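> Please see the structure below; I have some questions.
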Amino acid sequence: MADPLGAIAGFAGLLRADGLRVGVAEQRAMVQAALAVPLNRVRLISPAWRAIACHSARDWNRWPELFDRYWYPHRVRGTVRSHGVTRPTKDLRKVVSALQEQLSEASNRGRERTGDTAVNDVQAALESFSEEGLKRAQGGASLTDPLHDRSASQWLPQDLERLQHLAEHIARRLRRRLTRRWRNDARGHRLDLRRTLRASLATGGLPLRPAWREIRRERPKLFVLVDVSRSMETHAQLFLRIARALVLAMNARVFVFHTRLAEVTPLLQRDSAHVQEKINAVTAGFGGGTRIATSVADFHRVHARAQLARSARVWILSDGFDADEPQQLALQLGAIRQRAARILWLHPGESVPASQAMQAAYDQIESFHPLNSLRDLAEIARHID
Amino acid sequence: MIDLRAALHRVGYIADEGLATALWLAGELRRPLLIEGDAGVGKTALALALARAQDRDVVRLQCHEGIDLAQAAYEWNYGRQLLAIRLHENTAQTLAEADLFARPYLLERPLLKAISSPQPCVLLIDEIDRADEGFEAFLLEILADYQITIPELGTVRALHVPQVLLTSNGTRELSDALRRRCLYHWLDYPSLAREIDIVRATLPEAESALVDQAVGFVQRLRHEDLGKTPGVAETLDWVRALHRLAFKALPDDPEGLMATLGCLLKTREDRFQMVPARITQLLEGRRKGVAADTV
């Protein structure tokens with residue numbers, strides 16, 4: 001084994017390319033672990049490196065596949081050779097053995113070469129590996145992930161992860177608004193006289209530990225109304241995934257509508273394989289057609305009556321084809337606007353919905369955005385506040 | 001690491017090889033270990049077992065919303081300082097400010113206690129996801145350098161680096177900075193064999209057949225779409241309850257089990273979902289499982 005450090009750096013590069021946050025510190029720890037594990041227990045390298053390189057449940061779940069892809073490619077089904085460059089041997093046992101031999105040779109030569117000093121070479125190996133990776137990318141397939149524009153049916157777990165990040169970004173972008181309530185805060189600006197006096201009892205009546213309060217800021221409530229009618233059949237899955245990400249990121253409330261409206265927030269809060277089935281069950285009794293105005297009326301009169309306050313956001317994900325009277329939609333959206341909520345209309349396709357009902361309701365809607373992919377969602381995140 | 005696994009086994013905690021390796025590595029690299037997993041899978045129990053296995057004290061910091069430095073690290077004993085001032089008012093001795101901000105007037109909270117412990121200890125920072133983000137930032141100094149800076153006293157460095165375990169249920173996303181300072185382990189629900197071992201180690205008095213069947217039932221129950229999936233703690237509670245009720249094995253009649261299912265199903269929706277017919281199906285799964293095992 002000529003270059004065990006290079007092999008480990010290559011593995012770290014693969015982990016990085018797949019989204020794991022593995023820096024020089026992690027590589028250093030991986031080499032230290034490889035030096036500490038006895039040669040007859042090489043199988044423990046995987047759990048040891050897993051503990052070092054993984055920082056979340058997502059990383060944790062992906063580890064077995066990533067580890068096998070690099071060290072045991074024959075175990076991975078459907079493996080293809082992506083380029084013709086000969087890579088160094090990647091036999092894990094040989095790598096660990098060579099690393100430990102290097103250490104003992106250095107010790108024999110009387111040179112103080114510990115795991116710490118040995119891993120300093122990793123950075124150099126890493127840099128050369130990264131450069132090589134970039135060159136390869138220029139010669140053939142780009143390293144830039146083309147999945148950004150993928151349609152919902154082609155999504156992979158990493159796309160769902162990216163969606164969640166986008167939803168969290170949206171949650172951060174929504175400006176917190178001031179409320180009339182105050183909360184306890186050690187760095188607050190207003191003295192909490194009651195708590196200060198109470199705390200002073202412990203110090204003989206001297207208020208040595210003042211208590212402070214700060215005005216409370218809250219994120220606006222987000223309501224997502226997803227059209228699951230037949231005309232939206234191909235888009236509903238994408239919209240529900242986005243809605244679920246928003247539920248997880250900022251406790252959005254999600255409703256599906258068709259000819260009637262039903263709340264599905266509790267179903268989306270669970271990480272369950274049965275979510276789609278349950279939503280299907282909820283909407284199964286709905287008749288044909290889409291009654292957007294009736295559903296919106298039901299939404300603001302019954303379901304969100306108490307929460308549709310100032311700065312609430314209502315996102316409607318629909319193509320705008322409404323079976324109700326054309327003027328009704330404008331009336332119902334107007335009722336929401338009267339409660340100072342802001343309405344965003346997200347539609348499939350590139351063009352703004354132009355049905356008769358929509359034309360009448362244009363004035364009530366703050367803005368329209370196409371929503372066909374993650375790129376569109378990222379664009380929306382840039383424009384909201 | 002084999003020793004560590006065996007030591008944990010001796011104190012009743014059945015760790016798999018991956019977990020034992022992560023614990024061993026955390027000790028070797030002197031890095032904190034962040035353990036995530038669903039509620040009831042044994043995260044806190046691991047820290048307590050580790051302390052028992054290594055014959056160390058465990059210092060526990062239970063995190064909650066609003067936890068601050070005074071509750072986590074240290075606090076000046078204002079009452080005692082005032083008393084000292086009053087006592088010196090009628091004496092000729094002068095009292096310097098430095099005298100008041102000295103170690104005797106410092107109240108040690110868990111983090112400082114762990115850092116200044118004269119013996120190596122296990123520091124359990126429990127449910128870190130419940131603490132505020134600002135508190136995480138404060139932890140960084142301790143987790144990276146095992147030291148706490150007290151402005152009036154200077155920097156207190158650890159006499160012995162404690163073995164730090166952080167647990168999280170994932171109710172809030174932790175910061176990257178905190179994650180990168182820790183090794184990581186995801187503690188999943190145990191396999192059938194491991195859970196049987198855990199229950200047998202904890203409840204040796206329970207009938208063997210009862211343990212096997214009850215654990216098999218819980219394993220199948222975890223595949224149901226429940227709001228709150230039962231963890232190992234729930235399994236132990238349930239087997240304990242069944243044992244107290246003098247069950248030698250799971251009864252065929254689901255009605256006999258319904259009264260004890262409160263140990264496993266903790267929400268109204270879950271109880272509502274698990275009707276006797278569904279329980280019967282899960283029990284029948286037991287029979288199939290036994291048949292498959294014997295084949």
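We label chains A, B, ... in the order they appear in the structure tokens, count residues from 1 in each chain, and number ligands from 1 in the order shown.
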Kindly provide the residues of chain A that approach chain B to within 8 Å, each paired with its closest atom pair and their distance in Å to one decimal, based on only C-alpha atoms, listed by chain and increasing number, as CSV.

```
residue,atom,partner,partner_atom,distance
A:Ala29,CA,B:Leu29,CA,7.5
A:Ala33,CA,B:Leu25,CA,7.1
A:Leu44,CA,B:Thr21,CA,6.8
A:Pro47,CA,B:Gly18,CA,5.0
A:Ala48,CA,B:Ala22,CA,5.7
A:Arg50,CA,B:Tyr184,CA,7.7
A:Ala51,CA,B:Tyr184,CA,4.6
A:Ile52,CA,B:Leu183,CA,5.1
A:Ala53,CA,B:Leu183,CA,7.9
A:Cys54,CA,B:Tyr184,CA,6.1
A:His55,CA,B:Arg179,CA,5.7
A:Ser56,CA,B:Tyr184,CA,7.4
A:Ala57,CA,B:Trp186,CA,6.4
A:Trp60,CA,B:Trp186,CA,6.8
A:Ala202,CA,B:Gly79,CA,6.5
A:Thr203,CA,B:Gly79,CA,5.0
A:Gly204,CA,B:Gly79,CA,7.5
A:Leu208,CA,B:Tyr78,CA,7.8
A:Arg270,CA,B:Gly227,CA,7.2
A:Ser272,CA,B:Asp225,CA,6.8
A:His274,CA,B:Asp225,CA,7.4
```
> Find the spatial neighbours of range 158-166 of chain B, counting only C-alpha atoms, within a cut-off of 10 Å - ignore same-chain residues fewer than 3 positions away - and output them as a JSON list (two decimals) with C-alpha atoms, in the first residue's frame.

```
[["chain", "number", "residue", "atom", "x", "y", "z"],
["B", 23, "LEU", "CA", -17.76, 5.32, 23.34],
["B", 26, "ALA", "CA", -14.71, 9.30, 22.45],
["B", 27, "GLY", "CA", -12.49, 8.33, 25.37],
["B", 30, "ARG", "CA", -11.12, 12.99, 24.37],
["B", 31, "ARG", "CA", -14.10, 14.20, 22.41],
["B", 32, "PRO", "CA", -17.70, 14.57, 23.59],
["B", 33, "LEU", "CA", -20.18, 12.08, 22.19],
["B", 34, "LEU", "CA", -23.50, 13.38, 20.91],
["B", 35, "ILE", "CA", -26.17, 10.72, 21.03],
["B", 36, "GLU", "CA", -29.39, 11.24, 19.15],
["B", 43, "LYS", "CA", -29.59, 7.55, 25.73],
["B", 44, "THR", "CA", -29.63, 8.77, 29.32],
["B", 46, "LEU", "CA", -26.17, 4.84, 28.62],
["B", 47, "ALA", "CA", -24.46, 7.69, 30.47],
["B", 50, "LEU", "CA", -21.08, 4.13, 31.61],
["B", 51, "ALA", "CA", -20.46, 5.87, 34.91],
["B", 56, "ARG", "CA", -17.08, 7.12, 38.08],
["B", 57, "ASP", "CA", -19.44, 9.77, 39.35],
["B", 58, "VAL", "CA", -21.99, 11.09, 36.93],
["B", 59, "VAL", "CA", -22.62, 14.83, 36.82],
["B", 60, "ARG", "CA", -25.89, 15.56, 35.10],
["B", 61, "LEU", "CA", -27.00, 18.79, 33.51],
["B", 112, "LEU", "CA", -17.97, 23.58, 36.76],
["B", 113, "LYS", "CA", -18.42, 20.64, 39.09],
["B", 114, "ALA", "CA", -17.46, 18.23, 36.31],
["B", 115, "ILE", "CA", -14.48, 20.34, 35.27],
["B", 116, "SER", "CA", -13.12, 20.69, 38.77],
["B", 117, "SER", "CA", -13.85, 17.14, 39.88],
["B", 118, "PRO", "CA", -10.73, 15.64, 41.49],
["B", 119, "GLN", "CA", -11.66, 12.25, 39.99],
["B", 120, "PRO", "CA", -12.53, 11.53, 36.36],
["B", 121, "CYS", "CA", -16.28, 11.67, 35.94],
["B", 122, "VAL", "CA", -18.99, 11.29, 33.32],
["B", 123, "LEU", "CA", -20.68, 14.56, 32.37],
["B", 124, "LEU", "CA", -24.18, 14.03, 31.01],
["B", 125, "ILE", "CA", -25.64, 17.03, 29.21],
["B", 126, "ASP", "CA", -29.17, 15.75, 28.81],
["B", 127, "GLU", "CA", -31.62, 16.91, 26.15],
["B", 128, "ILE", "CA", -29.37, 19.63, 24.78],
["B", 129, "ASP", "CA", -31.98, 20.34, 22.09],
["B", 142, "ILE", "CA", -16.16, 23.62, 27.56],
["B", 143, "LEU", "CA", -16.53, 20.93, 24.92],
["B", 145, "ASP", "CA", -11.00, 22.88, 25.65],
["B", 146, "TYR", "CA", -12.53, 21.49, 28.84],
["B", 147, "GLN", "CA", -12.24, 24.83, 30.57],
["B", 148, "ILE", "CA", -14.53, 27.55, 31.87],
["B", 155, "THR", "CA", -9.85, 30.23, 33.53],
["B", 182, "CYS", "CA", -18.66, 16.03, 19.05],
["B", 183, "LEU", "CA", -18.49, 12.49, 17.85],
["B", 184, "TYR", "CA", -21.92, 11.31, 16.83]]
```
> Find the residues around Leu203 in chain B up to 10 Å (only C-alpha atoms counted), leave out those fewer than 4 positions away in its own chain, and share them as a PyMOL selection string.
chain B and resi 12+197-199+207-208+211+236+239-240+243
> Put those residues in a file: C-alpha atoms, as a tab-separated table (two decimals), in the first residue's frame.

```
chain	number	residue	atom	x	y	z
B	12	GLY	CA	-27.02	-4.22	32.73
B	197	ASP	CA	-31.08	-9.42	26.09
B	198	ILE	CA	-31.80	-5.99	27.55
B	199	VAL	CA	-35.08	-7.09	29.12
B	207	GLU	CA	-40.45	-15.75	32.54
B	208	SER	CA	-38.29	-16.37	29.50
B	211	VAL	CA	-39.96	-11.87	27.60
B	236	LEU	CA	-39.39	-2.78	30.26
B	239	VAL	CA	-42.88	-6.69	30.80
B	240	ARG	CA	-42.62	-5.59	34.43
B	243	HIS	CA	-44.78	-10.11	35.32
```
> Name the residues in contact with range 335-344 of chain A at a cut-off of 6 Å, using only C-alpha atoms, excluding same-chain residues fewer than 6 positions from it; report them as a compact mmCIF listing (two decimals) with C-alpha atoms, in the first residue's frame.

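New file result.txt:
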```
# COMPACT_ATOMS: atom_id res chain seq x y z
CA ALA A 309 -54.30 37.88 12.36
CA ARG A 310 -51.95 40.62 11.28
CA SER A 311 -49.02 39.42 9.20
CA ALA A 312 -50.39 35.91 8.79
CA ARG A 313 -49.33 34.47 5.45
CA VAL A 314 -51.62 32.41 3.30
CA TRP A 315 -50.00 30.46 0.48
CA ILE A 365 -53.23 38.51 -4.20
CA GLU A 366 -49.90 40.01 -3.25
CA SER A 367 -47.83 38.08 -5.78
```
> Counting only C-alpha atoms, what is within 9 Å of range 214-218 of chain A, bar same-chain residues fewer than 4 positions away, as a list of chain:residue names?
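Residues meeting the cut-off are A:Arg175, A:Arg176, A:Arg177, A:Leu178, A:Thr179, A:Arg180, A:Arg181, A:Trp182, A:Arg183, A:Asn184, A:Asp185, A:Ala186, A:Arg187, A:Gly188, A:His189, A:Arg190, A:Leu191.
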> Please produce a file of those selected residues containing N, CA and C atoms, as a short mmCIF file (atom, residue, chain, number, x, y, z; two decimals), in the first residue's frame.

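Result went into result_1.cif, see below:
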```cif
data_model
loop_
_atom_site.label_atom_id
_atom_site.label_comp_id
_atom_site.auth_asym_id
_atom_site.auth_seq_id
_atom_site.Cartn_x
_atom_site.Cartn_y
_atom_site.Cartn_z
N ARG A 175 -40.04 37.76 8.37
CA ARG A 175 -39.65 38.69 9.42
C ARG A 175 -40.51 38.49 10.66
N ARG A 176 -39.84 38.41 11.80
CA ARG A 176 -40.58 38.30 13.06
C ARG A 176 -41.26 39.63 13.36
N ARG A 177 -42.45 39.56 13.87
CA ARG A 177 -43.15 40.81 14.17
C ARG A 177 -43.25 41.01 15.67
N LEU A 178 -43.35 42.27 16.05
CA LEU A 178 -43.45 42.60 17.46
C LEU A 178 -44.83 42.24 17.98
N THR A 179 -44.89 41.83 19.23
CA THR A 179 -46.18 41.60 19.86
C THR A 179 -46.29 42.54 21.06
N ARG A 180 -47.43 42.51 21.72
CA ARG A 180 -47.58 43.35 22.90
C ARG A 180 -47.09 42.64 24.15
N ARG A 181 -46.72 41.41 24.01
CA ARG A 181 -46.32 40.63 25.18
C ARG A 181 -44.80 40.72 25.42
N TRP A 182 -44.44 40.50 26.66
CA TRP A 182 -43.03 40.52 27.04
C TRP A 182 -42.62 39.14 27.50
N ARG A 183 -41.33 38.86 27.37
CA ARG A 183 -40.83 37.57 27.85
C ARG A 183 -39.59 37.82 28.71
N ASN A 184 -39.27 36.87 29.60
CA ASN A 184 -38.08 36.97 30.43
C ASN A 184 -36.85 36.82 29.54
N ASP A 185 -35.90 37.69 29.70
CA ASP A 185 -34.69 37.62 28.90
C ASP A 185 -33.55 38.27 29.68
N ALA A 186 -32.50 37.50 29.94
CA ALA A 186 -31.38 38.02 30.73
C ALA A 186 -30.74 39.24 30.07
N ARG A 187 -30.87 39.33 28.74
CA ARG A 187 -30.27 40.47 28.03
C ARG A 187 -31.33 41.50 27.64
N GLY A 188 -32.47 41.44 28.29
CA GLY A 188 -33.56 42.33 27.94
C GLY A 188 -33.29 43.78 28.33
N HIS A 189 -34.18 44.66 27.93
CA HIS A 189 -33.97 46.09 28.17
C HIS A 189 -34.90 46.66 29.22
N ARG A 190 -35.92 45.95 29.61
CA ARG A 190 -36.86 46.49 30.59
C ARG A 190 -36.71 45.70 31.91
N LEU A 191 -36.66 46.45 32.99
CA LEU A 191 -36.51 45.81 34.29
C LEU A 191 -37.81 45.11 34.68
#
```
> Where does DSSP see strand (DSSP E or B) in range 74-238 of chain B, if you list the residues as a PyMOL selection string?
chain B and resi 74-76+106-108+121-126+147-150+154-157+163-168+183-186
> Which value, in Å to one decimal, gives the distance between CA of Ile292 in chain A and CA of Asp322 in chain A?
5.5 Å
> What's around Met274 in chain B at 10 Å? Count only C-alpha atoms, leave out sequence neighbours fewer than 5 positions away in its own chain, and write the answer as a PyMOL selection string.
chain B and resi 221+224+226+258+261+265+269+279-280+282
> Quick check, in Å to one decimal: how far apart do CA of Gly6 in chain A and CA of Tyr72 in chain A lie?
16.8 Å
> So the first atom is CA of Leu238 in chain A and the second is CA of Ala304 in chain A; what is the distance between them in Å, to one decimal place?
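Spanning CA of Leu238 in chain A to CA of Ala304 in chain A is a straight-line distance of 23.9 Å.
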